[in-house]
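Structure file coords-v4.txt (compact mmCIF, C-alpha atoms and all ligand atoms) is printed below.
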```txt
# COMPACT_ATOMS: atom_id res chain seq x y z
CA MET A 1265 -1.13 38.22 28.66
CA THR A 1266 -2.31 36.07 25.75
CA ARG A 1267 -4.98 33.60 26.80
CA ALA A 1268 -5.25 30.13 25.27
CA LEU A 1269 -7.97 27.53 25.63
CA ILE A 1270 -6.94 23.93 24.90
CA THR A 1271 -9.39 21.09 24.39
CA GLY A 1272 -7.82 17.65 24.89
CA ILE A 1273 -5.67 19.01 27.73
CA THR A 1274 -5.37 15.55 29.34
CA GLY A 1275 -3.93 14.03 26.16
CA GLN A 1276 -0.33 13.80 24.99
CA ASP A 1277 -0.35 16.98 22.90
CA GLY A 1278 -2.41 18.90 25.46
CA PHE A 1279 0.38 18.40 27.97
CA TYR A 1280 3.22 19.49 25.68
CA LEU A 1281 1.29 22.42 24.24
CA SER A 1282 0.36 23.69 27.74
CA GLU A 1283 3.98 23.44 28.82
CA HIS A 1284 5.10 25.32 25.71
CA LEU A 1285 2.51 28.10 26.03
CA LEU A 1286 3.08 28.54 29.76
CA GLY A 1287 6.79 28.89 28.96
CA LEU A 1288 5.90 31.68 26.53
CA GLY A 1289 4.01 33.50 29.28
CA TYR A 1290 0.48 32.51 28.20
CA ASP A 1291 -2.48 32.21 30.50
CA VAL A 1292 -3.64 28.64 29.75
CA TYR A 1293 -7.12 27.17 30.20
CA GLY A 1294 -7.75 23.47 29.68
CA LEU A 1295 -11.11 21.90 28.94
CA ILE A 1296 -11.69 18.67 30.80
CA ARG A 1297 -14.71 16.43 30.37
CA GLY A 1298 -16.70 14.18 32.66
CA GLN A 1299 -17.60 14.07 36.28
CA ALA A 1300 -14.52 13.02 38.29
CA ASN A 1301 -12.30 12.60 35.24
CA PRO A 1302 -9.52 10.30 36.55
CA LYS A 1303 -6.86 12.36 34.78
CA ARG A 1304 -7.78 15.58 36.62
CA PRO A 1305 -5.54 14.96 39.69
CA LEU A 1306 -2.54 14.20 37.45
CA LEU A 1307 -3.22 17.34 35.42
CA GLU A 1308 -3.47 19.45 38.58
CA ARG A 1309 -0.19 17.98 39.83
CA THR A 1310 1.85 18.20 36.62
CA LEU A 1311 0.50 21.50 35.28
CA PRO A 1312 -0.63 23.47 38.36
CA ASP A 1313 -0.68 26.76 36.42
CA VAL A 1314 -3.34 25.56 33.97
CA HIS A 1315 -6.89 26.72 34.78
CA ILE A 1316 -9.27 23.80 34.38
CA VAL A 1317 -12.71 24.36 32.87
CA ASP A 1318 -15.43 21.73 32.57
CA GLY A 1319 -16.98 20.99 29.20
CA ASP A 1320 -17.45 18.38 26.51
CA LEU A 1321 -17.13 18.40 22.73
CA LEU A 1322 -20.51 16.65 22.66
CA ASP A 1323 -22.17 19.55 24.47
CA GLN A 1324 -22.58 22.77 22.47
CA ALA A 1325 -23.84 24.85 25.40
CA SER A 1326 -20.82 23.99 27.55
CA LEU A 1327 -18.48 25.14 24.77
CA MET A 1328 -20.36 28.40 24.31
CA ASN A 1329 -20.27 29.10 28.05
CA ILE A 1330 -16.55 28.41 28.22
CA ILE A 1331 -15.71 30.66 25.28
CA GLN A 1332 -17.77 33.48 26.78
CA LYS A 1333 -16.33 33.02 30.25
CA VAL A 1334 -12.66 32.50 29.34
CA LYS A 1335 -12.57 34.94 26.39
CA PRO A 1336 -9.54 33.21 24.86
CA ASP A 1337 -7.31 34.79 22.21
CA GLU A 1338 -6.42 31.37 20.83
CA VAL A 1339 -8.30 28.06 20.88
CA TYR A 1340 -6.48 24.80 20.18
CA ASN A 1341 -8.91 21.97 19.42
CA LEU A 1342 -6.94 18.84 20.28
CA ALA A 1343 -9.80 16.80 21.74
CA ALA A 1344 -10.80 13.71 19.80
CA ILE A 1345 -11.24 10.00 19.85
CA SER A 1346 -7.74 9.65 18.46
CA PHE A 1347 -7.09 5.90 18.46
CA VAL A 1348 -7.70 4.67 14.92
CA MET A 1349 -8.56 1.06 15.93
CA LEU A 1350 -11.24 2.29 18.37
CA SER A 1351 -12.86 4.29 15.58
CA TRP A 1352 -13.97 1.08 13.84
CA ASN A 1353 -15.63 -0.13 17.06
CA GLN A 1354 -17.26 3.24 17.82
CA PRO A 1355 -17.64 4.92 14.43
CA GLU A 1356 -20.64 7.03 15.36
CA LEU A 1357 -19.07 8.39 18.55
CA THR A 1358 -15.87 9.06 16.60
CA GLY A 1359 -17.88 11.09 14.08
CA GLU A 1360 -19.59 12.99 16.90
CA ILE A 1361 -16.43 13.91 18.83
CA THR A 1362 -13.62 13.93 16.28
CA GLY A 1363 -15.73 15.35 13.44
CA LEU A 1364 -18.71 17.31 14.76
CA GLY A 1365 -16.79 18.31 17.90
CA ALA A 1366 -14.69 20.67 15.78
CA LEU A 1367 -17.86 22.20 14.33
CA ARG A 1368 -19.23 22.79 17.84
CA VAL A 1369 -16.08 24.63 18.91
CA LEU A 1370 -16.17 26.73 15.73
CA GLU A 1371 -19.84 27.53 16.31
CA ALA A 1372 -19.08 28.64 19.87
CA ILE A 1373 -16.39 30.95 18.47
CA ARG A 1374 -18.63 32.26 15.71
CA LEU A 1375 -21.52 32.95 18.08
CA SER A 1376 -19.21 34.68 20.55
CA ALA A 1377 -18.59 37.36 17.90
CA SER A 1378 -22.01 38.90 18.47
CA ALA A 1379 -21.42 38.73 22.22
CA SER A 1380 -18.13 40.64 21.86
CA PRO A 1381 -18.52 42.98 18.88
CA SER A 1382 -15.48 45.04 19.80
CA ARG A 1383 -12.97 42.27 19.10
CA SER A 1384 -11.19 42.94 15.86
CA LYS A 1385 -8.59 40.30 14.94
CA SER A 1386 -11.21 38.27 13.04
CA ALA A 1387 -14.97 37.91 13.08
CA SER A 1388 -14.73 36.88 16.73
CA GLY A 1389 -11.18 37.93 17.54
CA ILE A 1390 -10.39 34.35 18.43
CA LYS A 1391 -7.80 32.34 16.54
CA PHE A 1392 -8.55 28.64 16.10
CA TYR A 1393 -6.26 25.64 15.60
CA GLN A 1394 -7.66 22.29 14.41
CA ALA A 1395 -5.69 19.08 14.97
CA SER A 1396 -5.92 17.50 11.53
CA SER A 1397 -4.18 14.24 10.78
CA SER A 1398 -2.11 12.46 8.13
CA GLU A 1399 -4.69 9.65 8.45
CA MET A 1400 -6.82 11.79 6.10
CA PHE A 1401 -4.39 10.83 3.29
CA GLY A 1402 -5.01 7.11 3.97
CA LYS A 1403 -4.76 5.33 0.63
CA VAL A 1404 -2.27 7.88 -0.53
CA ARG A 1405 -2.61 9.54 -3.92
CA GLU A 1406 1.00 10.74 -4.00
CA THR A 1407 4.20 10.40 -2.02
CA PRO A 1408 5.28 12.38 -0.07
CA GLN A 1409 2.07 14.13 1.02
CA ASN A 1410 1.73 17.91 1.14
CA GLU A 1411 -1.11 20.40 1.75
CA LYS A 1412 -2.47 19.86 -1.79
CA THR A 1413 -2.50 16.04 -1.74
CA PRO A 1414 -6.12 14.79 -2.03
CA PHE A 1415 -7.58 12.89 0.93
CA HIS A 1416 -8.62 9.23 0.85
CA PRO A 1417 -9.19 8.31 4.52
CA ARG A 1418 -9.22 4.61 5.40
CA SER A 1419 -10.86 4.62 8.85
CA PRO A 1420 -13.83 6.25 10.57
CA TYR A 1421 -11.20 8.33 12.40
CA GLY A 1422 -9.69 9.55 9.13
CA VAL A 1423 -13.15 10.34 7.73
CA ALA A 1424 -14.10 12.30 10.86
CA LYS A 1425 -10.82 14.23 10.73
CA ALA A 1426 -11.44 15.07 7.06
CA TYR A 1427 -14.85 16.52 8.00
CA ALA A 1428 -13.28 18.59 10.80
CA HIS A 1429 -10.57 19.77 8.41
CA TYR A 1430 -13.05 20.92 5.76
CA ILE A 1431 -15.39 22.58 8.25
CA THR A 1432 -12.42 24.52 9.63
CA MET A 1433 -11.60 25.71 6.12
CA ASN A 1434 -15.26 26.51 5.53
CA TYR A 1435 -15.58 28.64 8.69
CA ARG A 1436 -12.41 30.48 7.72
CA GLU A 1437 -13.88 31.31 4.32
CA SER A 1438 -17.49 31.87 5.42
CA TYR A 1439 -17.03 33.82 8.65
CA ASN A 1440 -13.54 35.28 8.39
CA ILE A 1441 -12.41 33.29 11.41
CA PHE A 1442 -8.63 33.00 11.79
CA ALA A 1443 -8.79 29.20 11.58
CA CYS A 1444 -5.81 26.95 10.77
CA SER A 1445 -5.39 23.20 10.44
CA GLY A 1446 -2.17 21.42 11.19
CA ILE A 1447 -2.03 18.17 9.21
CA LEU A 1448 0.22 16.41 11.64
CA PHE A 1449 1.92 13.11 10.98
CA ASN A 1450 2.42 10.66 13.84
CA HIS A 1451 4.13 12.16 16.85
CA GLU A 1452 5.04 10.28 19.98
CA SER A 1453 6.58 10.78 23.41
CA PRO A 1454 6.76 9.16 26.84
CA ARG A 1455 3.24 10.60 27.30
CA ARG A 1456 1.77 8.69 24.35
CA GLY A 1457 -1.23 6.55 25.36
CA PRO A 1458 -0.27 2.89 25.97
CA GLU A 1459 -2.76 1.74 23.32
CA PHE A 1460 -0.69 3.29 20.51
CA VAL A 1461 1.83 1.09 18.72
CA THR A 1462 5.01 2.96 19.68
CA ARG A 1463 4.20 3.06 23.37
CA LYS A 1464 2.97 -0.52 23.29
CA ILE A 1465 6.42 -1.46 22.00
CA THR A 1466 8.44 0.61 24.49
CA GLN A 1467 6.33 -0.50 27.46
CA GLY A 1468 6.37 -4.13 26.30
CA ALA A 1469 10.12 -4.14 25.71
CA THR A 1470 10.91 -2.66 29.14
CA ARG A 1471 8.56 -5.09 30.90
CA ILE A 1472 10.24 -7.98 29.08
CA LYS A 1473 13.65 -6.64 30.09
CA LEU A 1474 12.54 -6.53 33.72
CA GLY A 1475 11.09 -10.06 33.55
CA LEU A 1476 7.48 -8.86 33.98
CA GLN A 1477 6.27 -10.07 30.59
CA LYS A 1478 7.42 -12.85 28.25
CA GLU A 1479 6.33 -11.69 24.81
CA LEU A 1480 4.77 -8.80 22.92
CA VAL A 1481 1.79 -9.52 20.65
CA MET A 1482 1.40 -7.03 17.80
CA GLY A 1483 -0.53 -6.44 14.58
CA ASP A 1484 1.16 -5.88 11.22
CA LEU A 1485 4.83 -4.90 11.59
CA GLU A 1486 5.32 -3.90 7.96
CA PRO A 1487 3.47 -0.54 7.67
CA ARG A 1488 5.64 2.54 7.52
CA ARG A 1489 5.04 5.75 9.43
CA ASP A 1490 6.56 9.21 9.60
CA TRP A 1491 7.21 9.55 13.34
CA GLY A 1492 8.33 12.67 15.21
CA TYR A 1493 8.45 13.93 18.78
CA ALA A 1494 5.27 15.55 20.17
CA GLY A 1495 7.25 18.28 21.94
CA ASP A 1496 8.52 19.45 18.54
CA TYR A 1497 5.08 19.36 16.91
CA VAL A 1498 3.25 21.57 19.41
CA ARG A 1499 5.64 24.40 18.52
CA ALA A 1500 4.27 24.24 14.97
CA MET A 1501 0.67 24.53 16.28
CA HIS A 1502 1.51 27.75 18.07
CA LEU A 1503 3.49 29.17 15.13
CA MET A 1504 0.50 28.68 12.80
CA LEU A 1505 -1.58 31.04 14.90
CA GLN A 1506 1.14 33.72 14.91
CA GLN A 1507 1.14 34.22 11.12
CA ASP A 1508 -0.44 37.19 9.33
CA ALA A 1509 -3.07 35.01 7.62
CA PRO A 1510 -4.66 31.68 8.52
CA ASP A 1511 -3.59 28.64 6.50
CA ASP A 1512 -3.10 24.87 6.66
CA TYR A 1513 0.28 23.18 7.12
CA VAL A 1514 1.66 19.65 6.89
CA VAL A 1515 3.94 18.84 9.82
CA GLY A 1516 6.15 15.76 9.77
CA THR A 1517 9.77 14.67 9.46
CA GLY A 1518 9.87 13.59 5.81
CA GLU A 1519 11.40 10.30 7.01
CA THR A 1520 9.66 6.95 7.12
CA HIS A 1521 10.27 3.84 9.23
CA GLN A 1522 8.58 0.46 9.49
CA ILE A 1523 6.93 -0.54 12.77
CA LYS A 1524 9.41 -3.40 13.01
CA GLU A 1525 12.27 -0.91 12.78
CA PHE A 1526 10.82 0.94 15.78
CA ALA A 1527 10.63 -2.40 17.62
CA GLN A 1528 14.16 -3.35 16.61
CA LEU A 1529 15.60 -0.07 17.97
CA ALA A 1530 13.52 -0.17 21.16
CA PHE A 1531 14.56 -3.71 22.06
CA ALA A 1532 18.17 -3.01 21.03
CA ARG A 1533 18.24 -0.07 23.47
CA LEU A 1534 17.68 -2.68 26.17
CA GLY A 1535 20.19 -5.15 24.73
CA LEU A 1536 17.48 -7.44 23.34
CA ASP A 1537 16.64 -8.83 19.87
CA TYR A 1538 12.97 -8.04 19.12
CA ARG A 1539 12.62 -11.14 16.90
CA GLU A 1540 12.86 -13.36 20.01
CA TYR A 1541 9.94 -11.66 21.76
CA VAL A 1542 7.53 -10.10 19.26
CA ARG A 1543 4.80 -12.16 17.61
CA THR A 1544 1.91 -11.02 15.45
CA ASP A 1545 -1.78 -11.80 15.86
CA ALA A 1546 -4.54 -11.04 13.35
CA GLN A 1547 -6.77 -9.58 16.09
CA PHE A 1548 -4.58 -6.46 16.05
CA LEU A 1549 -4.81 -5.90 12.28
CA ARG A 1550 -6.70 -2.84 11.04
CA PRO A 1551 -9.66 -3.63 8.71
CA ALA A 1552 -8.05 -1.23 6.21
CA GLU A 1553 -4.45 -0.10 6.49
CA VAL A 1554 -3.08 3.22 5.32
CA ASP A 1555 -0.30 3.15 2.73
CA LEU A 1556 3.03 4.85 2.85
CA LEU A 1557 2.56 7.98 4.96
CA ILE A 1558 5.44 10.38 4.60
CA ALA A 1559 5.27 14.14 4.98
CA ASP A 1560 6.52 16.89 2.77
CA PRO A 1561 6.87 19.57 5.48
CA SER A 1562 8.51 22.20 3.21
CA LYS A 1563 5.73 24.76 3.68
CA ALA A 1564 5.96 24.57 7.49
CA ARG A 1565 9.72 24.81 7.24
CA GLU A 1566 9.69 27.80 4.88
CA LYS A 1567 6.72 29.79 6.19
CA LEU A 1568 6.77 28.94 9.89
CA GLY A 1569 10.51 28.40 10.22
CA TRP A 1570 9.64 25.10 11.92
CA LYS A 1571 11.96 22.13 12.15
CA ARG A 1572 12.11 19.12 14.39
CA GLU A 1573 14.83 18.78 16.99
CA VAL A 1574 14.50 15.13 18.04
CA SER A 1575 15.60 12.39 15.62
CA PHE A 1576 13.89 9.01 15.18
CA GLN A 1577 16.58 7.24 17.19
CA GLY A 1578 16.40 9.99 19.84
CA LEU A 1579 12.64 9.53 20.11
CA VAL A 1580 12.86 5.74 20.54
CA ASP A 1581 15.60 6.09 23.17
CA MET A 1582 13.64 8.77 25.06
CA MET A 1583 10.51 6.59 25.20
CA VAL A 1584 12.35 3.41 26.22
CA ASP A 1585 14.35 5.21 28.92
CA ALA A 1586 11.22 6.84 30.34
CA ASP A 1587 9.33 3.53 30.46
CA LEU A 1588 12.28 1.75 32.04
CA ALA A 1589 12.54 4.42 34.73
CA ALA A 1590 8.77 4.35 35.36
CA GLU A 1591 8.65 0.54 35.64
CA ALA A 1592 11.69 0.47 37.93
CA LYS A 1593 10.05 3.09 40.15
CA MET A 1594 6.83 1.08 40.33
CA GLN A 1595 8.78 -2.08 41.22
CA ALA A 1596 10.69 -0.25 43.94
CA ALA A 1597 7.45 1.16 45.39
CA ALA A 1598 5.86 -2.30 45.41
CA VAL A 1599 8.71 -3.82 47.50
P1 LIG B 1601 -4.93 11.88 22.94
O1 LIG B 1601 -3.73 11.72 23.82
O2 LIG B 1601 -5.72 10.68 22.58
O3 LIG B 1601 -5.90 12.97 23.63
C1 LIG B 1601 -7.22 13.12 23.23
C2 LIG B 1601 -7.89 14.11 24.15
O4 LIG B 1601 -9.23 14.31 23.72
C3 LIG B 1601 -7.95 13.68 25.60
O5 LIG B 1601 -7.59 14.77 26.42
C4 LIG B 1601 -9.42 13.35 25.80
O6 LIG B 1601 -9.89 13.55 27.10
C5 LIG B 1601 -10.05 14.37 24.89
N1 LIG B 1601 -11.45 14.08 24.56
C6 LIG B 1601 -11.95 12.95 24.02
N2 LIG B 1601 -13.29 13.04 23.89
C7 LIG B 1601 -13.64 14.26 24.38
C8 LIG B 1601 -14.87 14.95 24.51
N3 LIG B 1601 -16.05 14.39 24.15
N4 LIG B 1601 -14.87 16.20 25.03
C9 LIG B 1601 -13.70 16.78 25.43
N5 LIG B 1601 -12.50 16.17 25.34
C10 LIG B 1601 -12.47 14.93 24.81
O7 LIG B 1601 -4.50 12.58 21.56
P2 LIG B 1601 -3.13 13.34 21.20
O8 LIG B 1601 -2.14 12.32 20.73
O9 LIG B 1601 -2.78 14.27 22.28
O10 LIG B 1601 -3.56 14.12 19.89
C11 LIG B 1601 -4.14 15.42 19.98
C12 LIG B 1601 -4.98 15.66 18.76
O11 LIG B 1601 -4.15 15.59 17.58
C13 LIG B 1601 -6.09 14.65 18.53
O12 LIG B 1601 -7.18 15.33 17.94
C14 LIG B 1601 -5.51 13.68 17.52
O13 LIG B 1601 -6.51 13.04 16.78
C15 LIG B 1601 -4.67 14.62 16.68
N6 LIG B 1601 -3.53 14.02 16.03
C16 LIG B 1601 -2.65 13.32 16.76
C17 LIG B 1601 -1.55 12.75 16.13
C18 LIG B 1601 -0.52 11.97 16.92
O14 LIG B 1601 0.29 11.28 16.30
N7 LIG B 1601 -0.50 12.08 18.23
C19 LIG B 1601 -1.35 12.94 14.75
C20 LIG B 1601 -2.27 13.72 14.04
C21 LIG B 1601 -3.35 14.27 14.69
P3 LIG B 1601 -10.00 12.34 28.20
O15 LIG B 1601 -8.63 12.28 28.82
O16 LIG B 1601 -11.05 12.79 29.12
O17 LIG B 1601 -10.34 11.10 27.45
```
Would you encode the structure as structure tokens?
Ligand code: NAP
Amino acid sequence: MTRALITGITGQDGFYLSEHLLGLGYDVYGLIRGQANPKRPLLERTLPDVHIVDGDLLDQASLMNIIQKVKPDEVYNLAAISFVMLSWNQPELTGEITGLGALRVLEAIRLSASASPSRSKSASGIKFYQASSSEMFGKVRETPQNEKTPFHPRSPYGVAKAYAHYITMNYRESYNIFACSGILFNHESPRRGPEFVTRKITQGATRIKLGLQKELVMGDLEPRRDWGYAGDYVRAMHLMLQQDAPDDYVVGTGETHQIKEFAQLAFARLGLDYREYVRTDAQFLRPAEVDLLIADPSKAREKLGWKREVSFQGLVDMMVDADLAAEAKMQAAAV
């Protein structure tokens, strides 16, 4: 049975990746941080087959212990401070977790090689996936963006991800570790954190529909994003680690939509006109915005055989329907 260790198991992608790997017959371990992490009970309930291990990307020794104890075949490093706006308020912590955190996991893998000299797939026998991000392209140098497009990150998050991306490449070249980076464009789902723009819209729209909220206050509605469904993207992560040689891949839809288009479709799903309810406020503007992010996923399509299954409209509908059902359930429970 192949054994996978996932950091960031309590996040959106951690959930979908665990579900996918369990479906493939994997033995899945999930790293969870903090004493009494409030997400632990939910994780135990929704993914009872995942083995939980305690550790933190800020704590090198915990990562080394976990790698030695679990002896994973594959490690997926999804843990990060992933909310771009937060990275301006906590730039140092973002660098520590999102950037140096990847180095600490790689070091734990590298050092485990001497502890298990018999493993043969790579220096340590462990394959590594790093969750890189389209935010590394930032002030884009070309459109669409592919694996060769130079980086120009526009946030402490993007800078930290660029460090993690390069250190992954460096450990691949220096220590013969089977290390891959997936440069993933935005991907969403009903499990997206409520602080992210798509979920803020779908939650806001459903609450307005149910009379629980009067308006939705947003930042800039003009920026364009390449949005896909998280459930589709985790398949690409797994495929990267099944190839003969490690490499980096851009994963996205190749389609771009403005934030206001997302809002328009979400409100329309509920029979509402977003222009009557959405207003903008400068407090939600990013200090520096990224330009036109749009993926060229041809390499992933050709080499991994990956393609998305959920369309943009399908994604918006799925998120709105899930939020509507969740709100209605909460209302019913409160009566
Ligand atoms: P997410 O929902 O924000 O999840 C982040 C995870 O990181 C959470 O499980 C969190 O745990 C964990 N974490 C944070 N600090 C940690 C630490 N010090 N030690 C251990 N775990 C820690 O993110 P996501 O959307 O699933 O994304 C997964 C990864 O892909 C992230 O690295 C993200 O930056 C990257 N990415 C995401 C997208 C996207 O559109 N979703 C696009 C490109 C790249 P707690 O629950 O304990 O906070």
Ligand LIG 1601 (chain B) neighbours within 6 Å using all atoms listed in the file, as a PyMOL selection string | chain A and resi 1271-1278+1297+1320-1322+1342-1346+1361+1395-1397+1448-1451+1457
Please indicate the distance in Å from atom CA of Asp1337 of chain A to atom CA of Ser1388 of chain A, rounded to one decimal place.
->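 Separation between atom CA of Asp1337 of chain A and atom CA of Ser1388 of chain A: 9.5 Å.
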Nearest residue to Cys1444 of chain A from the set A:Tyr1340, A:Phe1531, A:Phe1279, A:Trp1491 (distances using only C-alpha atoms) |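 Under the stated criterion, the closest residue is A:Tyr1340.
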Which residues come within 12 Å of Gln1507 of chain A, counting only C-alpha atoms, excluding same-chain residues fewer than 2 positions away, as a PyMOL selection string?
-> chain A and resi 1391+1442-1444+1500-1505+1509-1513+1564+1567-1569
To one decimal place, how far is atom CA of Leu1549 of chain A from atom CA of Gln1522 of chain A in Å?
->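 Taking atom CA of Leu1549 of chain A as the start and atom CA of Gln1522 of chain A as the end point, the length is 15.1 Å.
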Across A:Glu1540, A:Asp1318, A:Asp1291, A:Asp1484, the smallest distance to Arg1304 of chain A, with all atoms listed in the file counted, is shown by A:Asp1318
In Å, rounded to a single decimal, give me how far atom CA of Ile1558 of chain A is from atom CA of Pro1417 of chain A.
->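 The value is 14.8 Å.
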Dig up all the protein and nucleic acid residues within 8 Å of (-15.2, 18.5, 11.0) in the file frame, using all atoms listed in the file, and format them as a ChimeraX atom specification.
-> /A:1362-1367,1424-1432
Answer as a PDB file with C-alpha atoms, in the coordinates of the input, residues within 8 Å of (-17.3, 32.0, 21.4) using all atoms listed in the file:
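Output saved as part-v6.pdb:
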```
ATOM      1  CA  LEU A1327     -18.480  25.140  24.770  1.00  0.00           C
ATOM      2  CA  MET A1328     -20.360  28.400  24.310  1.00  0.00           C
ATOM      3  CA  ASN A1329     -20.270  29.100  28.050  1.00  0.00           C
ATOM      4  CA  ILE A1330     -16.550  28.410  28.220  1.00  0.00           C
ATOM      5  CA  ILE A1331     -15.710  30.660  25.280  1.00  0.00           C
ATOM      6  CA  GLN A1332     -17.770  33.480  26.780  1.00  0.00           C
ATOM      7  CA  LYS A1335     -12.570  34.940  26.390  1.00  0.00           C
ATOM      8  CA  VAL A1369     -16.080  24.630  18.910  1.00  0.00           C
ATOM      9  CA  LEU A1370     -16.170  26.730  15.730  1.00  0.00           C
ATOM     10  CA  GLU A1371     -19.840  27.530  16.310  1.00  0.00           C
ATOM     11  CA  ALA A1372     -19.080  28.640  19.870  1.00  0.00           C
ATOM     12  CA  ILE A1373     -16.390  30.950  18.470  1.00  0.00           C
ATOM     13  CA  ARG A1374     -18.630  32.260  15.710  1.00  0.00           C
ATOM     14  CA  LEU A1375     -21.520  32.950  18.080  1.00  0.00           C
ATOM     15  CA  SER A1376     -19.210  34.680  20.550  1.00  0.00           C
ATOM     16  CA  ALA A1377     -18.590  37.360  17.900  1.00  0.00           C
ATOM     17  CA  ALA A1379     -21.420  38.730  22.220  1.00  0.00           C
ATOM     18  CA  SER A1388     -14.730  36.880  16.730  1.00  0.00           C
ATOM     19  CA  ILE A1390     -10.390  34.350  18.430  1.00  0.00           C
TER      20      ILE A1390
END
```
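Ranking A:Val1317, A:Val1542, A:Val1580, A:Val1334 by their shortest atom-to-atom distance to Gln1477 of chain A, with only C-alpha atoms included, puts A:Val1542 first.
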Using all atoms listed in the file: which of A:Gly1402, A:Gly1468, A:Gly1319, A:Pro1312 has the shortest distance to Ile1296 of chain A =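 Comparing A:Gly1402, A:Gly1468, A:Gly1319, A:Pro1312 against Ile1296 of chain A, the winner is A:Gly1319.
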Restricting the calculation to all atoms listed in the file, which member of A:Gly1492, A:Arg1368, A:Tyr1280, A:Gly1446 is positioned closest to Met1400 of chain A?
->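 Going through A:Gly1492, A:Arg1368, A:Tyr1280, A:Gly1446 one by one, the smallest distance to Met1400 of chain A is for A:Gly1446.
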If I only want segment 1579-1592 of chain A, can you write it with N, CA and C atoms, as a short mmCIF file (atom, residue, chain, number, x, y, z; two decimals), in the first residue's frame?
```cif
data_model
loop_
_atom_site.label_atom_id
_atom_site.label_comp_id
_atom_site.auth_asym_id
_atom_site.auth_seq_id
_atom_site.Cartn_x
_atom_site.Cartn_y
_atom_site.Cartn_z
N LEU A 1579 -18.56 25.43 -11.43
CA LEU A 1579 -17.91 25.72 -10.15
C LEU A 1579 -18.73 26.73 -9.34
N VAL A 1580 -19.16 27.81 -10.00
CA VAL A 1580 -19.94 28.84 -9.30
C VAL A 1580 -21.24 28.21 -8.76
N ASP A 1581 -21.92 27.45 -9.61
CA ASP A 1581 -23.19 26.83 -9.19
C ASP A 1581 -22.97 25.89 -8.00
N MET A 1582 -21.90 25.09 -8.08
CA MET A 1582 -21.60 24.13 -7.00
C MET A 1582 -21.40 24.87 -5.66
N MET A 1583 -20.65 25.97 -5.72
CA MET A 1583 -20.35 26.71 -4.47
C MET A 1583 -21.60 27.39 -3.92
N VAL A 1584 -22.39 27.99 -4.80
CA VAL A 1584 -23.61 28.68 -4.35
C VAL A 1584 -24.58 27.65 -3.75
N ASP A 1585 -24.77 26.54 -4.44
CA ASP A 1585 -25.72 25.53 -3.97
C ASP A 1585 -25.29 24.97 -2.61
N ALA A 1586 -23.99 24.76 -2.45
CA ALA A 1586 -23.49 24.22 -1.17
C ALA A 1586 -23.70 25.23 -0.04
N ASP A 1587 -23.43 26.51 -0.32
CA ASP A 1587 -23.62 27.52 0.72
C ASP A 1587 -25.09 27.70 1.07
N LEU A 1588 -25.93 27.63 0.05
CA LEU A 1588 -27.37 27.77 0.30
C LEU A 1588 -27.85 26.62 1.18
N ALA A 1589 -27.43 25.42 0.86
CA ALA A 1589 -27.84 24.25 1.65
C ALA A 1589 -27.32 24.35 3.08
N ALA A 1590 -26.06 24.81 3.23
CA ALA A 1590 -25.47 24.91 4.57
C ALA A 1590 -26.18 25.97 5.41
N GLU A 1591 -26.48 27.12 4.81
CA GLU A 1591 -27.18 28.19 5.54
C GLU A 1591 -28.57 27.73 5.94
N ALA A 1592 -29.26 27.07 4.99
CA ALA A 1592 -30.63 26.62 5.27
C ALA A 1592 -30.62 25.61 6.43
#
```
